[in-house]
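The next block holds one structure in the form of structure tokens; read it before the comments.
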Amino acid sequence: MENMEYAEELVREFLIFRGFTSTLQTYESELRADICKGFQVDKILDLIFSVYIPKFQAEKLVGLLSFFKQYLSSSSEAVLIGTLSKLEASILRYYIVHALQVGRRDRVVDFFAMRGNELLERSHDWTPWFAIPYIKNPHLDPEFRIYFSKEWFEAMQLSVRNFFCEIFNGSRLPALLKISSDANSTNNLKRDIGQLNLKLSQLQALLEEKEEQLSQLRSMEGSNDSSSILREEGIYALKDTPEVCTTINPQIGQTEFSQDSDVAGPSKIHSEFISFNHGDDLTSQLGELLGNGKTENSEDVYVEEDFPEVKVEHQETFLGHTSPISRCRFSASGNNIASASLDGTVRIWTYDSSTPASRNATIYCGTEILSLDWECKSDRLLLIGTSDGCIKAWNVDAKRVVCDLNTTETFPSILCCCSVLDVKCSPVEPIFVSAAASGRVGSNNLDNLGFASLTVWNMKTWKAMTVLPLGEDPPAITSLCFNHNGKILAASATDGMIHMFDMSCGLQITGWPAHDSSISSILFGPDETSIFSLGSDGKIFEWSLQNQGQIMWSRNCSRLRYPADLKYCRHEMALDGSGRRLLVTSGSVRAPIYQVQGGRSGWRTLAHAASVTAVDWHPILPIFLTGSADNSVRVTSLR
């Protein structure tokens, strides 16, 4: 085997590294003896039929055959093990026959004394053989005559050769021997992935360029059309209303936020969104003509409903829940999915038939699930936050809850229950942060919650390490997000504030008012120079972290808010791996996917039977999750 010497060197290097000198000496000695002869069939046959049997080395012969049986025991093919057992019996019988042929009956007696009980335990077919040392002419006895023939020996030897050729030339190799070939395959795959990524980047750049050109053409066409219509209707009085013109962006579907202006906070943002409500009917008419979408008081069709439907390669639907979905999350590798529903259950499952289903499980929590998060370094642990203030840590391999924490101790002076609104694991350290609030989430309105608590927990001891400072009587924290190295934690609150914490010292380093309403979800941008926030009013902002308070991108999806009777479900959003597509929950049966960087439109997901209440993206692939109030979770793979 071509990788044998390489594997032997790896073993030798490891023993030297660990300082196992005694083991190394034994290893070198056995290498020189080379009991299995490097799995070379001819050498193994010579060892059996030219050394061990002629020299009556019964112990070594039995040891060699036992070694091969142990080697095959790791294989799932029971047929091979059964065949080897039959060949072993034939080889041992030839050992006895050869000893009698050369007049060494004493070796036969010694062999039965050493292995007799073991042979009888395996099969009663050996019982007549215990008499063979005492038969005068065993080669004439009808019971044993066949074993003394040359034809039987040649057939047996051929069977042994064919068997060893089959197992050693097949695919049953030790994992150590596959390292070299696997490394070569991995390197080839990495090279192919690099080339594909380069090609993808080039295509994305070309696509963005074409989209920008198309957007400019549409903008020019829209401006020309609106000017033409205004001239036809004689509405040149527009020049007398400059305050309206200054709030209109000539690009379709956009609200203008000047890069040079200083955004003063929620009040300034609010004025930008409601500017179309000021003035007379001319303002509303102009807003329609320029395609600026739905205004605050308008009932016109919202622009998201005109988004094209996503192009789907494949879609799977999971129907294991009995209540609306509150959260769904891909694991760190993307192989497993955890979904939670209002019936108090969390289900772990896989969408890929090639992934083992051994981790599939149903976790009964007995109360509503408000938050989920996987351990970032592996798929081993899942954290579950509930509406009764508990955090459960589920080990997917052991299939049990390894820790059940209670956050109500954080509020010793408040005689009421609390809710765990979010939990987030650090991408680097074995810690996680929980956002708990006094009171109980009774509807999708978060304003009824009480005071907040941000607790940092150790995932090795399952003890609270510290409580992050939020000031006196702080409002509830609704969403958490770590940056890539776990040094910065972003937190959003019901008062519309965004807080930023330095995790190395456990202190707040900055914060700013981002919304006039509570914030439902918060995310770092792909390059971590910005942060996205989704308000309960349906407004989405991308905030610059280099110029604090500056809005880089925005959308208003207030039309897609949940109906008032949809309890416990909060809006959330998710960015794909490239950071270009933002998926948002929706009170409609379809969820919008906004194109963030350079794009002016987006897509719609395929329709559920009810509102979309939970979303997530695969960490690498163009695959997303949508959970719905129709009790289903869908895995959608894009083309």
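If you're wondering about the labels, chains in the structure tokens are A, B, ... by order shown, residues count from 1 in each chain, ligands from 1 in order shown.
For stretch 454-463 of chain A, the set of protein, DNA and RNA residues having any atom at most 7 Å away, when counting only C-alpha atoms and skipping those fewer than 6 positions along the same chain, is Pro430, Ile431, Phe432, Val433, Ser434, Ala435 and Ala436 of chain A.
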Now that the selection is made, can you save its residues with N, CA and C atoms as an mmCIF file, in the first residue's frame?
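Ended up saving to again.cif:
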data_model
loop_
_atom_site.group_PDB
_atom_site.id
_atom_site.type_symbol
_atom_site.label_atom_id
_atom_site.label_comp_id
_atom_site.auth_asym_id
_atom_site.auth_seq_id
_atom_site.Cartn_x
_atom_site.Cartn_y
_atom_site.Cartn_z
ATOM 1 N N PRO A 430 -15.785 30.459 25.753
ATOM 2 C CA PRO A 430 -16.869 29.572 26.216
ATOM 3 C C PRO A 430 -17.815 30.308 27.160
ATOM 4 N N ILE A 431 -18.438 31.367 26.663
ATOM 5 C CA ILE A 431 -19.380 32.152 27.444
ATOM 6 C C ILE A 431 -20.607 32.445 26.589
ATOM 7 N N PHE A 432 -21.699 32.828 27.252
ATOM 8 C CA PHE A 432 -22.848 33.339 26.530
ATOM 9 C C PHE A 432 -23.489 34.445 27.364
ATOM 10 N N VAL A 433 -24.286 35.284 26.703
ATOM 11 C CA VAL A 433 -24.958 36.394 27.361
ATOM 12 C C VAL A 433 -26.457 36.187 27.226
ATOM 13 N N SER A 434 -27.179 36.419 28.321
ATOM 14 C CA SER A 434 -28.636 36.318 28.304
ATOM 15 C C SER A 434 -29.248 37.682 28.557
ATOM 16 N N ALA A 435 -30.332 37.960 27.830
ATOM 17 C CA ALA A 435 -31.092 39.189 28.033
ATOM 18 C C ALA A 435 -32.436 38.804 28.629
ATOM 19 N N ALA A 436 -32.605 39.103 29.917
ATOM 20 C CA ALA A 436 -33.847 38.783 30.607
ATOM 21 C C ALA A 436 -34.556 40.068 31.005
#
**Message:** Give me the residues near A:Ala205 as a VMD selection string, where near means some atom within 12 Å (using only C-alpha atoms) and where sequence neighbours in that chain fewer than 6 positions away do not count.
**Reply:** chain A and resid 198 to 199 211 to 212 597 to 598
So that I have them on file, write out the residues from the current selection with all heavy atoms, as a CSV table (one decimal), in the first residue's frame.
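Written output follows (part.csv):
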chain,number,residue,atom,x,y,z
A,198,LEU,N,-13.4,33.2,-6.8
A,198,LEU,CA,-12.9,34.2,-7.6
A,198,LEU,C,-13.8,34.5,-8.8
A,198,LEU,O,-14.2,35.7,-9.0
A,198,LEU,CB,-11.5,33.9,-8.2
A,198,LEU,CG,-10.8,34.9,-9.1
A,198,LEU,CD1,-10.6,36.2,-8.4
A,198,LEU,CD2,-9.5,34.4,-9.7
A,199,LYS,N,-14.3,33.5,-9.4
A,199,LYS,CA,-15.3,33.6,-10.5
A,199,LYS,C,-16.6,34.3,-10.0
A,199,LYS,O,-17.2,35.1,-10.6
A,199,LYS,CB,-15.6,32.3,-11.1
A,199,LYS,CG,-16.5,32.4,-12.4
A,199,LYS,CD,-16.6,31.0,-13.0
A,199,LYS,CE,-17.5,31.1,-14.3
A,199,LYS,NZ,-17.6,29.8,-14.9
A,211,GLU,N,-26.8,46.3,-12.3
A,211,GLU,CA,-27.9,46.7,-11.6
A,211,GLU,C,-27.9,48.3,-11.3
A,211,GLU,O,-28.9,48.9,-11.4
A,211,GLU,CB,-27.9,46.0,-10.2
A,211,GLU,CG,-28.4,44.6,-10.3
A,211,GLU,CD,-28.4,43.9,-9.0
A,211,GLU,OE1,-27.7,44.4,-8.0
A,211,GLU,OE2,-29.0,42.8,-8.8
A,212,GLU,N,-26.7,48.8,-11.1
A,212,GLU,CA,-26.5,50.2,-11.0
A,212,GLU,C,-26.9,51.0,-12.2
A,212,GLU,O,-27.6,52.0,-12.2
A,212,GLU,CB,-25.1,50.5,-10.6
A,212,GLU,CG,-24.8,52.0,-10.2
A,212,GLU,CD,-25.6,52.4,-9.0
A,212,GLU,OE1,-25.9,51.6,-8.1
A,212,GLU,OE2,-25.9,53.6,-8.9
A,597,GLN,N,-26.5,45.8,-0.3
A,597,GLN,CA,-25.4,46.7,-0.9
A,597,GLN,C,-25.7,47.0,-2.3
A,597,GLN,O,-25.6,46.1,-3.2
A,597,GLN,CB,-24.1,45.9,-0.6
A,597,GLN,CG,-23.8,45.7,0.8
A,597,GLN,CD,-22.4,45.0,1.0
A,597,GLN,OE1,-21.8,44.8,0.0
A,597,GLN,NE2,-22.1,44.8,2.2
A,598,GLY,N,-25.9,48.2,-2.6
A,598,GLY,CA,-26.0,48.7,-4.0
A,598,GLY,C,-27.3,48.4,-4.7
A,598,GLY,O,-27.6,48.8,-5.7
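Near A:Thr23, within 12 Å and counting only C-alpha atoms, sit Val11, Arg12, Phe14, Leu15, Ile16, Ser29 and Glu30 of chain A, not including residues fewer than 6 positions from it in the same chain.
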Residue subset to file, keeping N, CA and C atoms, as a short mmCIF file (atom, residue, chain, number, x, y, z; two decimals), in the first residue's frame:
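So the final result, stored in part26.cif, reads:
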data_model
loop_
_atom_site.label_atom_id
_atom_site.label_comp_id
_atom_site.auth_asym_id
_atom_site.auth_seq_id
_atom_site.Cartn_x
_atom_site.Cartn_y
_atom_site.Cartn_z
N VAL A 11 2.96 7.68 12.98
CA VAL A 11 2.90 7.03 14.29
C VAL A 11 4.21 7.25 15.04
N ARG A 12 5.32 7.09 14.36
CA ARG A 12 6.63 7.28 14.99
C ARG A 12 6.78 8.72 15.49
N PHE A 14 4.42 10.82 16.34
CA PHE A 14 3.52 11.05 17.47
C PHE A 14 4.10 10.47 18.77
N LEU A 15 4.65 9.26 18.69
CA LEU A 15 5.22 8.64 19.89
C LEU A 15 6.40 9.43 20.42
N ILE A 16 7.23 9.95 19.52
CA ILE A 16 8.36 10.77 19.94
C ILE A 16 7.86 12.07 20.57
N SER A 29 10.36 -2.62 17.14
CA SER A 29 10.61 -4.06 17.14
C SER A 29 9.54 -4.80 16.33
N GLU A 30 8.29 -4.40 16.50
CA GLU A 30 7.21 -5.05 15.77
C GLU A 30 7.23 -4.69 14.29
#
Tell me which protein, DNA and RNA residues are within 12 Å of A:Leu61, counting only C-alpha atoms, leaving out same-chain ones fewer than 5 positions away, and put them as a PDB file with N, CA and C atoms, in the first residue's frame.
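Result file follows (part_11.pdb):
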ATOM      1  N   ILE A  35       4.302  -8.252  11.539  1.00  0.00           N
ATOM      2  CA  ILE A  35       3.432  -9.415  11.636  1.00  0.00           C
ATOM      3  C   ILE A  35       2.454  -9.511  10.464  1.00  0.00           C
ATOM      4  N   CYS A  36       1.998  -8.370   9.969  1.00  0.00           N
ATOM      5  CA  CYS A  36       1.025  -8.434   8.876  1.00  0.00           C
ATOM      6  C   CYS A  36       1.677  -8.201   7.523  1.00  0.00           C
ATOM      7  N   ILE A  44       1.985 -12.782   3.532  1.00  0.00           N
ATOM      8  CA  ILE A  44       1.146 -13.335   4.594  1.00  0.00           C
ATOM      9  C   ILE A  44       0.969 -14.842   4.406  1.00  0.00           C
ATOM     10  N   LEU A  45       0.757 -15.269   3.175  1.00  0.00           N
ATOM     11  CA  LEU A  45       0.624 -16.713   2.913  1.00  0.00           C
ATOM     12  C   LEU A  45       1.918 -17.454   3.236  1.00  0.00           C
ATOM     13  N   ASP A  46       3.064 -16.858   2.873  1.00  0.00           N
ATOM     14  CA  ASP A  46       4.353 -17.481   3.216  1.00  0.00           C
ATOM     15  C   ASP A  46       4.510 -17.587   4.721  1.00  0.00           C
ATOM     16  N   LEU A  47       4.093 -16.554   5.429  1.00  0.00           N
ATOM     17  CA  LEU A  47       4.214 -16.574   6.884  1.00  0.00           C
ATOM     18  C   LEU A  47       3.381 -17.703   7.482  1.00  0.00           C
ATOM     19  N   ILE A  48       2.178 -17.907   6.949  1.00  0.00           N
ATOM     20  CA  ILE A  48       1.298 -18.940   7.505  1.00  0.00           C
ATOM     21  C   ILE A  48       1.763 -20.345   7.114  1.00  0.00           C
ATOM     22  N   PHE A  49       1.955 -20.584   5.809  1.00  0.00           N
ATOM     23  CA  PHE A  49       2.173 -21.937   5.314  1.00  0.00           C
ATOM     24  C   PHE A  49       3.646 -22.332   5.209  1.00  0.00           C
ATOM     25  N   SER A  50       4.550 -21.352   5.311  1.00  0.00           N
ATOM     26  CA  SER A  50       5.976 -21.696   5.205  1.00  0.00           C
ATOM     27  C   SER A  50       6.749 -21.452   6.496  1.00  0.00           C
ATOM     28  N   VAL A  51       6.131 -20.764   7.456  1.00  0.00           N
ATOM     29  CA  VAL A  51       6.834 -20.475   8.709  1.00  0.00           C
ATOM     30  C   VAL A  51       6.062 -21.008   9.905  1.00  0.00           C
ATOM     31  N   TYR A  52       4.892 -20.455  10.173  1.00  0.00           N
ATOM     32  CA  TYR A  52       4.172 -20.792  11.395  1.00  0.00           C
ATOM     33  C   TYR A  52       3.759 -22.255  11.448  1.00  0.00           C
ATOM     34  N   ILE A  53       3.236 -22.811  10.348  1.00  0.00           N
ATOM     35  CA  ILE A  53       2.786 -24.214  10.370  1.00  0.00           C
ATOM     36  C   ILE A  53       3.951 -25.193  10.324  1.00  0.00           C
ATOM     37  N   PRO A  54       4.916 -25.054   9.395  1.00  0.00           N
ATOM     38  CA  PRO A  54       6.033 -26.016   9.375  1.00  0.00           C
ATOM     39  C   PRO A  54       6.861 -26.008  10.661  1.00  0.00           C
ATOM     40  N   LYS A  55       6.957 -24.835  11.333  1.00  0.00           N
ATOM     41  CA  LYS A  55       7.767 -24.741  12.546  1.00  0.00           C
ATOM     42  C   LYS A  55       6.929 -24.897  13.808  1.00  0.00           C
ATOM     43  N   PHE A  56       5.665 -25.256  13.619  1.00  0.00           N
ATOM     44  CA  PHE A  56       4.764 -25.546  14.749  1.00  0.00           C
ATOM     45  C   PHE A  56       4.653 -24.356  15.727  1.00  0.00           C
ATOM     46  N   SER A  66      -6.217 -13.984  14.880  1.00  0.00           N
ATOM     47  CA  SER A  66      -7.008 -13.129  15.774  1.00  0.00           C
ATOM     48  C   SER A  66      -6.856 -11.657  15.400  1.00  0.00           C
ATOM     49  N   PHE A  67      -5.634 -11.300  14.976  1.00  0.00           N
ATOM     50  CA  PHE A  67      -5.395  -9.917  14.540  1.00  0.00           C
ATOM     51  C   PHE A  67      -6.287  -9.550  13.353  1.00  0.00           C
ATOM     52  N   PHE A  68      -6.388 -10.442  12.388  1.00  0.00           N
ATOM     53  CA  PHE A  68      -7.209 -10.155  11.220  1.00  0.00           C
ATOM     54  C   PHE A  68      -8.704 -10.118  11.568  1.00  0.00           C
ATOM     55  N   GLU A  88     -10.292 -19.780   9.227  1.00  0.00           N
ATOM     56  CA  GLU A  88      -9.450 -20.012  10.411  1.00  0.00           C
ATOM     57  C   GLU A  88      -9.539 -21.473  10.844  1.00  0.00           C
ATOM     58  N   ALA A  89     -10.754 -22.032  10.842  1.00  0.00           N
ATOM     59  CA  ALA A  89     -10.919 -23.438  11.221  1.00  0.00           C
ATOM     60  C   ALA A  89     -10.164 -24.352  10.256  1.00  0.00           C
ATOM     61  N   ILE A  91      -7.462 -23.568   8.434  1.00  0.00           N
ATOM     62  CA  ILE A  91      -6.011 -23.408   8.625  1.00  0.00           C
ATOM     63  C   ILE A  91      -5.544 -24.172   9.863  1.00  0.00           C
ATOM     64  N   LEU A  92      -6.305 -24.093  10.936  1.00  0.00           N
ATOM     65  CA  LEU A  92      -5.919 -24.821  12.153  1.00  0.00           C
ATOM     66  C   LEU A  92      -5.996 -26.345  11.938  1.00  0.00           C
ATOM     67  N   TYR A  94      -5.423 -27.789   9.092  1.00  0.00           N
ATOM     68  CA  TYR A  94      -4.240 -28.136   8.298  1.00  0.00           C
ATOM     69  C   TYR A  94      -2.996 -28.188   9.194  1.00  0.00           C
ATOM     70  N   TYR A  95      -2.942 -27.313  10.205  1.00  0.00           N
ATOM     71  CA  TYR A  95      -1.829 -27.372  11.165  1.00  0.00           C
ATOM     72  C   TYR A  95      -1.766 -28.762  11.812  1.00  0.00           C
ATOM     73  N   PHE A 111      -1.347 -28.721  21.104  1.00  0.00           N
ATOM     74  CA  PHE A 111      -2.264 -27.735  20.525  1.00  0.00           C
ATOM     75  C   PHE A 111      -3.644 -27.829  21.170  1.00  0.00           C
ATOM     76  N   ARG A 115      -5.570 -24.948  23.146  1.00  0.00           N
ATOM     77  CA  ARG A 115      -6.714 -24.287  22.509  1.00  0.00           C
ATOM     78  C   ARG A 115      -7.988 -25.132  22.502  1.00  0.00           C
TER      79      ARG A 115
END
**Prompt:** Of the residues A:Arg145, A:Lys392, A:Lys210, A:Arg327, which is the one nearest to A:Val612, using only C-alpha atoms?
**Reply:**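 Ranking A:Arg145, A:Lys392, A:Lys210, A:Arg327 by distance to A:Val612, first place goes to A:Arg327.
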**Item:** Neighbour list for A:Ala493 as a PyMOL selection string, cut-off 7 Å, only C-alpha atoms, skip fewer than 2 positions in-chain
**Value:** chain A and resi 475-478+491+495-498+518-519
Limited to N, CA, C and O atoms, could you put the picked residues into a file as a PDB file, in the first residue's frame?
ATOM      1  N   PRO A 475     -34.699  49.791  30.571  1.00  0.00           N
ATOM      2  CA  PRO A 475     -35.745  49.094  29.810  1.00  0.00           C
ATOM      3  C   PRO A 475     -35.240  47.740  29.316  1.00  0.00           C
ATOM      4  O   PRO A 475     -34.031  47.492  29.262  1.00  0.00           O
ATOM      5  N   ALA A 476     -36.176  46.894  28.906  1.00  0.00           N
ATOM      6  CA  ALA A 476     -35.836  45.517  28.520  1.00  0.00           C
ATOM      7  C   ALA A 476     -34.935  45.492  27.287  1.00  0.00           C
ATOM      8  O   ALA A 476     -35.109  46.263  26.349  1.00  0.00           O
ATOM      9  N   ILE A 477     -33.951  44.570  27.321  1.00  0.00           N
ATOM     10  CA  ILE A 477     -33.082  44.311  26.168  1.00  0.00           C
ATOM     11  C   ILE A 477     -33.744  43.213  25.336  1.00  0.00           C
ATOM     12  O   ILE A 477     -34.077  42.140  25.849  1.00  0.00           O
ATOM     13  N   THR A 478     -33.913  43.475  24.056  1.00  0.00           N
ATOM     14  CA  THR A 478     -34.686  42.570  23.211  1.00  0.00           C
ATOM     15  C   THR A 478     -33.846  41.695  22.286  1.00  0.00           C
ATOM     16  O   THR A 478     -34.282  40.625  21.877  1.00  0.00           O
ATOM     17  N   ALA A 491     -26.472  45.452  21.857  1.00  0.00           N
ATOM     18  CA  ALA A 491     -27.750  45.120  22.480  1.00  0.00           C
ATOM     19  C   ALA A 491     -28.762  46.197  22.138  1.00  0.00           C
ATOM     20  O   ALA A 491     -28.450  47.390  22.155  1.00  0.00           O
ATOM     21  N   ASP A 495     -36.678  50.899  24.485  1.00  0.00           N
ATOM     22  CA  ASP A 495     -36.783  52.356  24.361  1.00  0.00           C
ATOM     23  C   ASP A 495     -36.167  52.876  23.063  1.00  0.00           C
ATOM     24  O   ASP A 495     -36.010  54.084  22.878  1.00  0.00           O
ATOM     25  N   GLY A 496     -35.784  51.942  22.144  1.00  0.00           N
ATOM     26  CA  GLY A 496     -35.223  52.341  20.861  1.00  0.00           C
ATOM     27  C   GLY A 496     -33.734  52.600  20.881  1.00  0.00           C
ATOM     28  O   GLY A 496     -33.168  53.029  19.866  1.00  0.00           O
ATOM     29  N   MET A 497     -33.066  52.337  21.990  1.00  0.00           N
ATOM     30  CA  MET A 497     -31.625  52.567  22.109  1.00  0.00           C
ATOM     31  C   MET A 497     -30.829  51.353  21.630  1.00  0.00           C
ATOM     32  O   MET A 497     -31.269  50.215  21.756  1.00  0.00           O
ATOM     33  N   ILE A 498     -29.637  51.613  21.086  1.00  0.00           N
ATOM     34  CA  ILE A 498     -28.638  50.576  20.797  1.00  0.00           C
ATOM     35  C   ILE A 498     -27.468  50.793  21.743  1.00  0.00           C
ATOM     36  O   ILE A 498     -26.927  51.904  21.840  1.00  0.00           O
ATOM     37  N   SER A 518     -39.690  50.364  20.178  1.00  0.00           N
ATOM     38  CA  SER A 518     -38.775  49.315  20.627  1.00  0.00           C
ATOM     39  C   SER A 518     -38.106  48.650  19.433  1.00  0.00           C
ATOM     40  O   SER A 518     -38.637  48.640  18.323  1.00  0.00           O
ATOM     41  N   ILE A 519     -36.932  48.109  19.659  1.00  0.00           N
ATOM     42  CA  ILE A 519     -36.159  47.428  18.617  1.00  0.00           C
ATOM     43  C   ILE A 519     -36.355  45.930  18.783  1.00  0.00           C
ATOM     44  O   ILE A 519     -36.155  45.385  19.869  1.00  0.00           O
TER      45      ILE A 519
END
**Request:** Could you check how far atom CA of A:Ser387 sits from atom CA of A:Cys418, in Å to one decimal?
**Result:**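 Distance reported for this atom pair: 6.8 Å.
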**Request:** Tell me, as a PyMOL selection string, which residues lie within 7 Å of stretch 614-625 of chain A, counting only C-alpha atoms; anything in the same chain fewer than 2 positions away does not count.
**Result:** chain A and resi 325-330+332+334+572-577+583-585+612+627-628+633-638
Go ahead and save the residues from that selection, with C-alpha atoms, as a tab-separated table (two decimals), in the first residue's frame.
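Here's the written file part12.tsv:
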chain	number	residue	atom	x	y	z
A	325	ILE	CA	-42.93	28.83	15.18
A	326	SER	CA	-41.20	31.34	17.47
A	327	ARG	CA	-37.56	30.72	16.49
A	328	CYS	CA	-35.52	28.57	14.09
A	329	ARG	CA	-31.74	28.41	13.83
A	330	PHE	CA	-29.09	26.65	11.75
A	332	ALA	CA	-22.68	26.40	13.42
A	334	GLY	CA	-25.37	24.26	9.05
A	572	GLU	CA	-36.46	39.39	13.45
A	573	MET	CA	-34.06	39.55	10.52
A	574	ALA	CA	-31.09	37.55	9.22
A	575	LEU	CA	-28.18	38.32	6.89
A	576	ASP	CA	-26.80	35.74	4.48
A	577	GLY	CA	-23.12	34.76	4.51
A	583	LEU	CA	-34.34	38.29	5.21
A	584	VAL	CA	-37.09	39.75	7.44
A	585	THR	CA	-40.12	38.19	9.13
A	612	VAL	CA	-43.65	34.27	8.60
A	627	GLY	CA	-40.83	29.47	10.30
A	628	SER	CA	-44.51	30.31	10.17
A	633	VAL	CA	-40.59	25.35	8.98
A	634	ARG	CA	-39.25	25.50	5.43
A	635	VAL	CA	-35.68	25.07	4.20
A	636	THR	CA	-35.25	26.84	0.88
A	637	SER	CA	-32.18	26.41	-1.32
A	638	LEU	CA	-31.66	29.16	-3.89
**Request:** Rounded to one decimal place, report the atom CA of A:Asp388-atom CA of A:Ser419 distance in Å.
**Result:**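 Atom CA of A:Ser419 lies at a distance of 5.4 Å from atom CA of A:Asp388.
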**Message:** Please determine, counting only C-alpha atoms, which residue among A:Leu140, A:Ala340, A:Leu100, A:Ile167 has the shortest atom-to-atom distance to A:Asn631.
**Reply:** A:Ala340
